[in-house]
Amino acid sequence: MMLKPGTYLQDRYEILSLIGTGGMSEVYQAKCHTLNRLVAIKVLKDEYSQDANFVSKFKMEAQAAAGLSHPNIVSVYDVVDEGSLHYIVMEYVEGITLKTYIEKKGQLSFKEAVSIAIQVARGIEAAHNKQIIHRDIKPANLLMMLSIKPQNIMLLQDGTIKVMDFGIARAASSNTVSSDVMGSVHYSSPEQARNGFVDGRSDIYSLGIVMYEIVTGRVPFDGDTTVAVAIQHLQEEMTPPSVYAKNLPISMEKIILKCTQKNADRRYQAMGDLLLDLKKSLINPD
C-alpha cells in the first residue's frame, strides 16, 4: 500500500513524498511535527509485512542500527509497528549516492577517493565496535547487516559521507532475486558468495571493491547474472586498478589489493588497520 502525501503516522509524521523504493521497502520523506524536522521513513512492503519471521528480522536489524551514533552513519530514530505497517524513522539527508557521483564523474581523484574511503571506514568501524557486521542472515546467527555498496553511501553537499541502509536485502527468502541483490553481489566477498563464515573482514573486502570503483569508474567483476558475478569473486583474479587509473599512487593500489584478497586471512584484519594505511597514503602516496 503506497502512502499518500498528507498521511499521518503516529499523529506526528506527515508523509510528504516517496523518495525511493527497493525490493523490500519504500522510503518516504516526512515531517516530524513533534520535533519540527524532516525525516526519512522506510516502510516494509505489504508482501513482507505479512511474514512474522521476516518482520521480526526487520525489527531486530533496525533496533541494532538505532544503537549506533556516528557522524558517518545515517541515524535511526525509531522503529514502529502501527497495525500492519512496519517502519523505521531515520535521519533525512540531502545529497546523492556515491554510485550516482561516480557515474557523473567517471573516476575520482586520489585525494577525493581517500577522503571518501576514510569516512566510510570510520562509519563501518563504529558499527563493528557494536558487533554489527554485514553477514547473511540465518536463523542461528542473525546479526545486523551493513550493506556496503555505493548505492548505500550518501555524499552530502559539504563533502560529508553517510553510510545508510542497514539493509534487509538478504533477509528475504532465498528464491527472491531483486535489483537490490543483483546490485549487492558486485561487492560481496568470496565467503559470502559461498555462504561461508563471514566477519568484519567481509566488510573490508566490500569496501575494497567500492574503492576500486571510485578510482577506476568500474567494478572489477561484472556479468549478466548474480551467479556469474559471484563465481568471479571466488575464482578470477582482479585486474589491477592502475590498468584503468594510470595516475593511481602505488600506495592506494596496494591498499585496494590487500582489502580484496580472496583469502580473508590475507586482508586487513580490522578496519582500524585499513584506516592507518589510508591516512599514511595521503602523506606519502608513493
# chains A, B, ... in the order shown; residues from 1 in each chain; ligands from 1
$ residues_around --residues "Val163 in chain A" --least-positions-apart "2" --cutoff "10 Å" --atoms "only C-alpha atoms" --output "PyMOL selection string"
chain A and resi 70-75+97-98+119-124+146-155+161+165-166
$ residues_around --residues "Gly272 in chain A" --least-positions-apart "2" --cutoff "10 Å" --atoms "only C-alpha atoms" --output "JSON, numbers by chain"
{"A": [121, 122, 124, 125, 268, 269, 270, 274, 275, 276, 277, 278]}
$ select_by_dssp --residues "range 43-168 of chain A" --states "strand (DSSP E)" --output "PyMOL selection string"
chain A and resi 43-44+76-82+85-91+95-97+153-156+161-163
$ atom_distance --atom1 "CA of Glu103 in chain A" --atom2 "CA of Val219 in chain A"
11.7 Å
$ select_by_dssp --residues "range 22-240 of chain A" --states "alpha helix (DSSP H)" --output "PyMOL selection string"
chain A and resi 46-49+52-66+98-105+110-129+179-185+190-193+200-216+226-235
$ residues_around --residues "Glu237 in chain A" --least-positions-apart "2" --cutoff "10 Å" --atoms "only C-alpha atoms" --output "list in words"
Pro220, Phe221, Gln232, His233, Leu234, Gln235, Thr239, Pro240, Gln261 and Lys262 of chain A
$ write_last_selection --atoms "N, CA, C and O atoms" --output "PDB file, in the first residue's frame"
ATOM      1  N   PRO A 220      35.264  -4.403 -10.541  1.00  0.00           N
ATOM      2  CA  PRO A 220      36.229  -5.354 -11.109  1.00  0.00           C
ATOM      3  C   PRO A 220      35.599  -6.583 -11.735  1.00  0.00           C
ATOM      4  O   PRO A 220      36.158  -7.175 -12.656  1.00  0.00           O
ATOM      5  N   PHE A 221      34.431  -6.982 -11.226  1.00  0.00           N
ATOM      6  CA  PHE A 221      33.761  -8.176 -11.749  1.00  0.00           C
ATOM      7  C   PHE A 221      32.333  -7.824 -12.144  1.00  0.00           C
ATOM      8  O   PHE A 221      31.609  -7.172 -11.388  1.00  0.00           O
ATOM      9  N   GLN A 232      33.091 -15.119 -10.227  1.00  0.00           N
ATOM     10  CA  GLN A 232      34.291 -14.310 -10.460  1.00  0.00           C
ATOM     11  C   GLN A 232      34.942 -13.892  -9.141  1.00  0.00           C
ATOM     12  O   GLN A 232      36.160 -13.918  -9.011  1.00  0.00           O
ATOM     13  N   HIS A 233      34.125 -13.512  -8.165  1.00  0.00           N
ATOM     14  CA  HIS A 233      34.669 -13.173  -6.848  1.00  0.00           C
ATOM     15  C   HIS A 233      35.413 -14.363  -6.253  1.00  0.00           C
ATOM     16  O   HIS A 233      36.434 -14.198  -5.582  1.00  0.00           O
ATOM     17  N   LEU A 234      34.907 -15.564  -6.509  1.00  0.00           N
ATOM     18  CA  LEU A 234      35.508 -16.767  -5.947  1.00  0.00           C
ATOM     19  C   LEU A 234      36.773 -17.198  -6.684  1.00  0.00           C
ATOM     20  O   LEU A 234      37.733 -17.650  -6.049  1.00  0.00           O
ATOM     21  N   GLN A 235      36.787 -17.035  -8.008  1.00  0.00           N
ATOM     22  CA  GLN A 235      37.808 -17.723  -8.809  1.00  0.00           C
ATOM     23  C   GLN A 235      38.729 -16.822  -9.613  1.00  0.00           C
ATOM     24  O   GLN A 235      39.868 -17.195  -9.870  1.00  0.00           O
ATOM     25  N   THR A 239      41.758  -7.452 -12.231  1.00  0.00           N
ATOM     26  CA  THR A 239      42.655  -6.577 -12.999  1.00  0.00           C
ATOM     27  C   THR A 239      43.102  -5.445 -12.083  1.00  0.00           C
ATOM     28  O   THR A 239      42.263  -4.772 -11.479  1.00  0.00           O
ATOM     29  N   PRO A 240      44.410  -5.232 -11.911  1.00  0.00           N
ATOM     30  CA  PRO A 240      44.867  -4.171 -11.006  1.00  0.00           C
ATOM     31  C   PRO A 240      44.234  -2.832 -11.376  1.00  0.00           C
ATOM     32  O   PRO A 240      44.096  -2.506 -12.566  1.00  0.00           O
ATOM     33  N   GLN A 261      41.765  -9.358  -1.128  1.00  0.00           N
ATOM     34  CA  GLN A 261      42.325 -10.717  -1.192  1.00  0.00           C
ATOM     35  C   GLN A 261      41.199 -11.735  -1.017  1.00  0.00           C
ATOM     36  O   GLN A 261      40.294 -11.561  -0.191  1.00  0.00           O
ATOM     37  N   LYS A 262      41.242 -12.804  -1.789  1.00  0.00           N
ATOM     38  CA  LYS A 262      40.176 -13.809  -1.704  1.00  0.00           C
ATOM     39  C   LYS A 262      40.214 -14.557  -0.372  1.00  0.00           C
ATOM     40  O   LYS A 262      39.174 -14.949   0.155  1.00  0.00           O
TER      41      LYS A 262
END
$ closest_residue --among "A:Ile209, A:Ala230, A:Ile19, A:Val93" --to "Met2 in chain A" --atoms "only C-alpha atoms"
A:Ile19
$ closest_residue --among "A:Asp265, A:Glu94, A:Thr260, A:Arg12" --to "Asn36 in chain A" --atoms "only C-alpha atoms"
A:Arg12
$ atom_distance --atom1 "CA of Leu156 in chain A" --atom2 "CA of Val215 in chain A"
19.2 Å
$ residues_around --residues "Ser84 in chain A" --least-positions-apart "5" --cutoff "10 Å" --atoms "only C-alpha atoms" --output "list in words"
Leu44, Asp46, Ser49 and Gln50 of chain A
